[in-house]
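Trainee: So here's coords_38.cif (mmCIF, C-alpha atoms).
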data_coords
loop_
_atom_site.label_atom_id
_atom_site.label_comp_id
_atom_site.auth_asym_id
_atom_site.auth_seq_id
_atom_site.Cartn_x
_atom_site.Cartn_y
_atom_site.Cartn_z
CA ALA N 1 -5.35 -18.97 -5.11
CA GLN N 2 -7.55 -15.95 -4.68
CA LYS N 3 -6.25 -13.62 -2.03
CA ILE N 4 -9.70 -12.22 -1.26
CA THR N 5 -12.90 -14.17 -1.84
CA GLN N 6 -16.38 -12.70 -1.70
CA THR N 7 -18.81 -15.50 -2.45
CA GLN N 8 -22.01 -13.46 -2.54
CA PRO N 9 -22.37 -11.62 -5.84
CA GLY N 10 -25.68 -10.12 -4.68
CA MET N 11 -27.60 -9.74 -1.44
CA PHE N 12 -31.01 -8.36 -0.51
CA VAL N 13 -31.94 -7.01 2.91
CA GLN N 14 -35.02 -5.26 4.21
CA GLU N 15 -34.72 -1.77 5.56
CA LYS N 16 -33.86 -1.67 9.28
CA GLU N 17 -32.60 -5.28 9.25
CA ALA N 18 -28.98 -6.32 9.75
CA VAL N 19 -26.96 -7.94 6.97
CA THR N 20 -23.63 -9.77 6.86
CA LEU N 21 -21.38 -9.61 3.81
CA ASP N 22 -18.85 -12.42 3.68
CA CYS N 23 -15.13 -12.11 3.02
CA THR N 24 -12.41 -14.73 3.34
CA TYR N 25 -8.75 -14.10 2.68
CA ASP N 26 -5.58 -16.02 2.02
CA THR N 27 -2.17 -14.91 3.23
CA SER N 28 0.93 -16.39 4.81
CA ASP N 29 1.89 -13.05 6.35
CA GLN N 30 1.43 -12.55 10.07
CA SER N 31 0.95 -8.82 9.66
CA TYR N 32 -1.82 -7.60 7.39
CA GLY N 33 -4.80 -5.29 7.31
CA LEU N 34 -8.34 -5.84 6.10
CA PHE N 35 -10.52 -3.11 4.65
CA TRP N 36 -14.08 -2.70 3.50
CA TYR N 37 -15.05 -0.14 0.87
CA LYS N 38 -18.47 0.91 -0.41
CA GLN N 39 -18.98 1.85 -4.04
CA PRO N 40 -22.37 3.49 -4.74
CA SER N 41 -23.73 3.80 -8.25
CA SER N 42 -21.95 7.15 -8.59
CA GLY N 43 -18.70 5.18 -8.65
CA GLU N 44 -16.51 6.59 -5.90
CA MET N 45 -14.78 4.33 -3.39
CA ILE N 46 -15.76 5.09 0.20
CA PHE N 47 -13.68 3.65 3.05
CA LEU N 48 -15.85 2.03 5.72
CA ILE N 49 -13.78 0.11 8.24
CA TYR N 50 -10.33 -1.33 8.93
CA GLN N 51 -9.10 -4.33 10.94
CA GLY N 52 -5.45 -5.03 11.65
CA SER N 53 -4.32 -8.62 12.02
CA TYR N 54 -3.02 -7.94 15.53
CA ASP N 55 -6.13 -6.11 16.69
CA GLU N 56 -7.78 -8.13 19.41
CA GLN N 57 -11.10 -6.35 19.27
CA ASN N 58 -13.40 -6.42 16.28
CA ALA N 59 -13.48 -3.05 14.55
CA THR N 60 -16.64 -0.97 14.69
CA GLU N 61 -17.58 2.28 12.96
CA GLY N 62 -21.13 3.43 13.61
CA ARG N 63 -23.49 0.93 11.97
CA TYR N 64 -20.58 -1.04 10.52
CA SER N 65 -18.74 -3.76 12.37
CA LEU N 66 -16.20 -6.28 11.21
CA ASN N 67 -16.56 -9.86 12.40
CA PHE N 68 -12.89 -10.88 12.37
CA GLN N 69 -12.19 -14.60 12.79
CA LYS N 70 -8.45 -14.95 12.32
CA ALA N 71 -8.25 -18.74 12.53
CA ARG N 72 -10.90 -19.06 9.82
CA LYS N 73 -9.35 -16.19 7.83
CA SER N 74 -12.64 -14.42 7.54
CA ALA N 75 -13.48 -10.73 7.88
CA ASN N 76 -17.20 -10.35 7.41
CA LEU N 77 -18.83 -6.94 7.33
CA VAL N 78 -21.98 -6.51 9.40
CA ILE N 79 -24.27 -3.59 8.63
CA SER N 80 -26.90 -3.01 11.30
CA ALA N 81 -30.21 -1.21 10.78
CA SER N 82 -29.89 -1.13 6.98
CA GLN N 83 -30.92 2.03 5.17
CA LEU N 84 -31.91 2.57 1.56
CA GLY N 85 -28.70 4.53 1.07
CA ASP N 86 -26.70 1.41 1.89
CA SER N 87 -27.58 -0.03 -1.52
CA ALA N 88 -24.21 -0.28 -3.27
CA MET N 89 -21.31 -2.57 -4.16
CA TYR N 90 -19.16 -3.56 -1.22
CA PHE N 91 -15.54 -4.59 -1.61
CA CYS N 92 -13.30 -6.38 0.84
CA ALA N 93 -9.57 -5.68 0.48
CA MET N 94 -6.28 -6.66 2.12
CA ARG N 95 -2.80 -5.24 2.53
CA GLU N 96 0.00 -7.63 3.42
CA PHE N 97 2.72 -5.88 5.41
CA GLY N 98 5.28 -8.66 5.48
CA THR N 99 6.17 -8.64 1.79
CA GLY N 100 8.09 -6.32 -0.47
CA THR N 101 4.87 -5.05 -2.00
CA ALA N 102 3.36 -4.00 1.27
CA SER N 103 1.59 -1.02 -0.13
CA LYS N 104 -0.89 -2.38 -2.60
CA LEU N 105 -4.45 -3.29 -1.79
CA THR N 106 -5.84 -6.56 -3.13
CA PHE N 107 -9.59 -6.46 -3.69
CA GLY N 108 -12.30 -9.07 -3.87
CA THR N 109 -14.89 -9.15 -6.64
CA GLY N 110 -17.50 -7.41 -4.55
CA THR N 111 -21.03 -7.97 -3.28
CA ARG N 112 -23.93 -5.93 -4.57
CA LEU N 113 -26.28 -5.09 -1.70
CA GLN N 114 -29.84 -4.02 -2.37
CA VAL N 115 -31.87 -2.64 0.52
CA THR N 116 -35.63 -2.99 0.07
CA LEU N 117 -38.60 -1.39 1.79
CA ASN X 1 -8.69 19.85 3.02
CA ALA X 2 -9.41 18.78 -0.52
CA GLY X 3 -9.50 15.07 -1.23
CA VAL X 4 -7.77 13.21 -4.01
CA MET X 5 -8.53 14.88 -7.33
CA GLN X 6 -8.71 13.09 -10.64
CA ASN X 7 -9.33 14.52 -14.05
CA PRO X 8 -10.93 14.14 -16.35
CA ARG X 9 -13.84 12.28 -14.76
CA HIS X 10 -14.85 10.87 -18.13
CA LEU X 11 -12.62 10.39 -21.15
CA VAL X 12 -13.54 9.06 -24.57
CA ARG X 13 -10.82 8.00 -26.95
CA ARG X 14 -10.81 6.28 -30.33
CA ARG X 15 -8.75 3.15 -30.80
CA GLY X 16 -5.12 4.07 -31.37
CA GLN X 17 -5.22 7.41 -29.54
CA GLU X 18 -3.43 8.24 -26.33
CA ALA X 19 -5.18 8.60 -22.98
CA ARG X 20 -3.69 10.72 -20.24
CA LEU X 21 -5.18 10.50 -16.75
CA ARG X 22 -4.23 12.89 -13.95
CA CYS X 23 -4.23 12.47 -10.21
CA SER X 24 -3.51 15.11 -7.57
CA PRO X 25 -3.01 13.50 -4.16
CA MET X 26 -4.30 14.90 -0.92
CA LYS X 27 -2.23 17.72 0.53
CA GLY X 28 0.75 16.31 2.38
CA HIS X 29 0.54 12.91 0.71
CA SER X 30 3.59 11.80 -1.26
CA HIS X 31 2.48 8.25 -2.11
CA VAL X 32 0.21 7.55 -5.07
CA TYR X 33 -1.38 4.31 -6.25
CA TRP X 34 -3.24 3.57 -9.45
CA TYR X 35 -5.92 0.88 -9.72
CA ARG X 36 -8.05 -0.28 -12.64
CA GLN X 37 -11.62 -1.53 -12.39
CA LEU X 38 -13.00 -3.42 -15.35
CA PRO X 39 -16.81 -3.55 -15.65
CA GLU X 40 -18.41 -5.68 -12.93
CA GLU X 41 -15.06 -6.49 -11.33
CA GLY X 42 -13.07 -5.41 -8.30
CA LEU X 43 -10.15 -3.00 -8.41
CA LYS X 44 -6.80 -4.32 -9.56
CA PHE X 45 -3.52 -2.72 -8.48
CA MET X 46 -1.42 -1.24 -11.26
CA VAL X 47 1.41 0.88 -9.88
CA TYR X 48 2.69 2.58 -6.75
CA LEU X 49 4.73 5.77 -6.98
CA GLN X 50 6.43 8.23 -4.73
CA LYS X 51 7.65 11.59 -5.93
CA GLU X 52 9.95 10.96 -8.93
CA ASN X 53 10.11 7.21 -8.22
CA ILE X 54 8.20 4.13 -9.29
CA ILE X 55 8.19 1.82 -6.29
CA ASP X 56 6.07 -1.08 -7.53
CA GLU X 57 4.77 -1.52 -11.06
CA SER X 58 3.96 -5.22 -10.79
CA GLY X 59 0.37 -4.66 -11.94
CA MET X 60 1.15 -2.57 -15.00
CA PRO X 61 0.74 -4.11 -18.45
CA LYS X 62 4.16 -4.41 -20.04
CA GLU X 63 3.30 -2.39 -23.12
CA ARG X 64 1.51 0.89 -23.81
CA PHE X 65 1.06 1.84 -20.12
CA SER X 66 3.31 4.17 -18.18
CA ALA X 67 3.05 6.24 -15.02
CA GLU X 68 4.94 9.10 -13.47
CA PHE X 69 4.76 11.28 -10.40
CA PRO X 70 7.00 14.29 -10.96
CA LYS X 71 8.46 16.50 -8.28
CA GLU X 72 5.92 19.17 -9.17
CA GLY X 73 2.44 18.53 -10.45
CA PRO X 74 0.03 15.62 -10.56
CA SER X 75 0.70 11.96 -11.16
CA ILE X 76 0.00 10.92 -14.73
CA LEU X 77 -1.13 7.53 -16.02
CA ARG X 78 -0.54 7.35 -19.77
CA ILE X 79 -2.02 4.76 -22.07
CA GLN X 80 -0.70 4.80 -25.61
CA GLN X 81 -2.54 3.38 -28.61
CA VAL X 82 -5.65 2.55 -26.61
CA VAL X 83 -7.71 -0.54 -27.43
CA ARG X 84 -11.29 -1.41 -26.50
CA GLY X 85 -10.08 -3.60 -23.66
CA ASP X 86 -8.64 -0.52 -21.94
CA SER X 87 -12.17 0.74 -21.29
CA ALA X 88 -12.44 0.80 -17.51
CA ALA X 89 -12.55 3.02 -14.46
CA TYR X 90 -9.10 4.11 -13.31
CA PHE X 91 -8.79 5.05 -9.67
CA CYS X 92 -5.99 6.89 -7.98
CA ALA X 93 -5.38 6.70 -4.24
CA SER X 94 -2.93 8.53 -2.02
CA SER X 95 -1.51 8.04 1.43
CA PRO X 96 0.87 9.98 3.66
CA GLN X 97 3.08 6.94 4.04
CA GLY X 98 3.78 3.86 2.03
CA THR X 99 3.26 1.00 4.41
CA GLY X 100 0.30 0.91 6.72
CA GLY X 101 -2.37 3.54 6.89
CA GLU X 102 -5.42 4.15 4.84
CA GLN X 103 -5.39 4.88 1.14
CA TYR X 104 -7.74 7.69 0.17
CA PHE X 105 -9.36 7.19 -3.21
CA GLY X 106 -10.21 9.75 -5.85
CA PRO X 107 -13.51 9.70 -7.74
CA GLY X 108 -11.99 7.80 -10.68
CA THR X 109 -11.70 8.43 -14.40
CA ARG X 110 -14.02 6.48 -16.66
CA LEU X 111 -12.21 5.73 -19.91
CA THR X 112 -14.27 4.64 -22.89
CA VAL X 113 -12.51 3.50 -26.03
CA THR X 114 -14.67 3.57 -29.16
#
Could you write out this structure as structure tokens?

Mentor:
Amino acid sequence: AQKITQTQPGMFVQEKEAVTLDCTYDTSDQSYGLFWYKQPSSGEMIFLIYQGSYDEQNATEGRYSLNFQKARKSANLVISASQLGDSAMYFCAMREFGTGTASKLTFGTGTRLQVTL
Amino acid sequence: NAGVMQNPRHLVRRRGQEARLRCSPMKGHSHVYWYRQLPEEGLKFMVYLQKENIIDESGMPKERFSAEFPKEGPSILRIQQVVRGDSAAYFCASSPQGTGGEQYFGPGTRLTVT
């Protein structure tokens, strides 16, 4: 089974609108962390936001928020007030802390977001 | 505080040659991770190293690939006898500790095998 599933290969959003990028995950660990990274066309990986499995509040970082629904095993990224510079690939990733390989990140296949005027 | 450094940024090799990719972690970080990104795919874990130790190499191909992180100097990912399928972006990340905490990514090395 896929550990991280991103079902939207591509998304369009108008400038200044909000957009939600979906991410579901699969783990039997009780302790894990969920990450979102942005990869612009230049190729670097930019960390956006982190949610720990025991965090009771949804994580927020500026215009980014993470809609964490633990029972549904989903960790959707919400970008508010989209900007043209938000156009990029977005990857959801997970670290499972309860296993012997607690250090590696497992990534989804990504969602390509295009912000339009 | 300089970020994670990778060099070269772009590397072209002919089939059968060796590729050597370097990664200098952030200052104070002693944990290094290598990931590979094939075209139009997400990143896949390859190997996790601490200074002079390979901690987890579960994502490394069994042949032709090796990694090291010596006591002094950068971490090296070595690919011997490259094939076209090795063409990818190779990312290095570092962290100050192994479990928990954010991994800081370098800009990546784009390897093209002709």

Trainee: Show me a table, sorted first by chain and then by increasing residue number, of the residues of chain N having an atom at most 6 Å from chain X, each with its shortest atom pair and the distance in Å to one decimal, counting only C-alpha atoms and written as a Markdown table.

Mentor:
| residue | atom | partner | partner_atom | distance |
| --- | --- | --- | --- | --- |
| N:Glu44 | CA | X:Pro107 | CA | 4.7 |
| N:Ala102 | CA | X:Thr99 | CA | 5.9 |
| N:Ser103 | CA | X:Thr99 | CA | 5.2 |
| N:Phe107 | CA | X:Gly42 | CA | 5.9 |
| N:Gly108 | CA | X:Gly42 | CA | 5.8 |
| N:Thr109 | CA | X:Gly42 | CA | 4.5 |

Trainee: Name all residues at most 9 Å from N:Glu17 (count only C-alpha atoms; drop same-chain ones fewer than 3 positions away) and give them as a list in words.

Mentor: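 So, after excluding close chain neighbours, the residues are Val13, Gln14, Ile79, Ser80, Ala81, Ser82 and Gln83 of chain N.
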
Trainee: Using C-alpha atoms, can you write the selected residues to a file as a compact mmCIF listing (two decimals), keeping the file's coordinate frame?

Mentor:
# COMPACT_ATOMS: atom_id res chain seq x y z
CA VAL N 13 -31.94 -7.01 2.91
CA GLN N 14 -35.02 -5.26 4.21
CA ILE N 79 -24.27 -3.59 8.63
CA SER N 80 -26.90 -3.01 11.30
CA ALA N 81 -30.21 -1.21 10.78
CA SER N 82 -29.89 -1.13 6.98
CA GLN N 83 -30.92 2.03 5.17

Trainee: The PyMOL selection byres ((chain N and resi 91) around 7) on the file shown: which residues, as a PyMOL selection string?

Mentor: chain N and resi 36-38+89-90+92-93+107-111

Trainee: Identify which of the residues N:Leu48, N:Ala88, N:Val78, N:Leu113 lies closest to N:Leu66, counting all atoms listed in the file when measuring atom-to-atom distances.

Mentor: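 Smallest separation from N:Leu66 among the options: N:Val78.
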
Trainee: For this file, the PyMOL selection byres ((chain N and resi 23) around 7) selects which residues, as a list in words?

Mentor: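 Taken on the displayed file, the PyMOL selection byres ((chain N and resi 23) around 7) yields the residues Ile4, Thr5, Gln6, Leu21, Asp22, Thr24, Tyr25, Ser74, Ala75, Asn76 and Cys92 of chain N.
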
Trainee: Could you turn the residues from that selection into a file that holds C-alpha atoms, as a PDB file, keeping the file's coordinate frame?

Mentor:
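Result written to out00.pdb:
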ATOM      1  CA  ILE N   4      -9.700 -12.220  -1.260  1.00  0.00           C
ATOM      2  CA  THR N   5     -12.900 -14.170  -1.840  1.00  0.00           C
ATOM      3  CA  GLN N   6     -16.380 -12.700  -1.700  1.00  0.00           C
ATOM      4  CA  LEU N  21     -21.380  -9.610   3.810  1.00  0.00           C
ATOM      5  CA  ASP N  22     -18.850 -12.420   3.680  1.00  0.00           C
ATOM      6  CA  THR N  24     -12.410 -14.730   3.340  1.00  0.00           C
ATOM      7  CA  TYR N  25      -8.750 -14.100   2.680  1.00  0.00           C
ATOM      8  CA  SER N  74     -12.640 -14.420   7.540  1.00  0.00           C
ATOM      9  CA  ALA N  75     -13.480 -10.730   7.880  1.00  0.00           C
ATOM     10  CA  ASN N  76     -17.200 -10.350   7.410  1.00  0.00           C
ATOM     11  CA  CYS N  92     -13.300  -6.380   0.840  1.00  0.00           C
TER      12      CYS N  92
END

Trainee: For each of N:Leu105, N:Phe35, N:Gln2, N:Met94, take the minimum atom-to-atom distance to N:Thr60, counting only C-alpha atoms, then give the residue where this is smallest.

Mentor: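 The shortest atom-to-atom distance to N:Thr60 comes from N:Phe35.
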
Trainee: Give the answer as one residue: which of X:Ile54, X:Leu21, X:Leu11, X:Ala2 has the shortest atom-to-atom distance to X:Cys92, using all atoms listed in the file?

Mentor: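 Of the candidates, the smallest distance to X:Cys92 is held by X:Leu21.
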
Trainee: Any idea what's packed within 7 Å of X:Arg78, counting only C-alpha atoms, ignoring anything in its chain fewer than 5 positions away? Could you give it as a list of chain:residue names?

Mentor: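 Within the cut-off, the hits are X:Ala19, X:Arg20, X:Leu21, X:Phe65, X:Ser66, X:Ala67.
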
Trainee: Can you spit out the residues from that selection as a JSON list (two decimals), in the frame of the given file, using C-alpha atoms?

Mentor:
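The resulting again-v1.json:
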[["chain", "number", "residue", "atom", "x", "y", "z"],
["X", 19, "ALA", "CA", -5.18, 8.60, -22.98],
["X", 20, "ARG", "CA", -3.69, 10.72, -20.24],
["X", 21, "LEU", "CA", -5.18, 10.50, -16.75],
["X", 65, "PHE", "CA", 1.06, 1.84, -20.12],
["X", 66, "SER", "CA", 3.31, 4.17, -18.18],
["X", 67, "ALA", "CA", 3.05, 6.24, -15.02]]

Trainee: If I put a ball of radius 6 Å at (-9.1, 11.1, -12.0) in the file's coordinates, which residues poke into it when counting only C-alpha atoms, written as a VMD selection string?

Mentor: chain X and resid 6 to 9 22 to 23 108 to 109
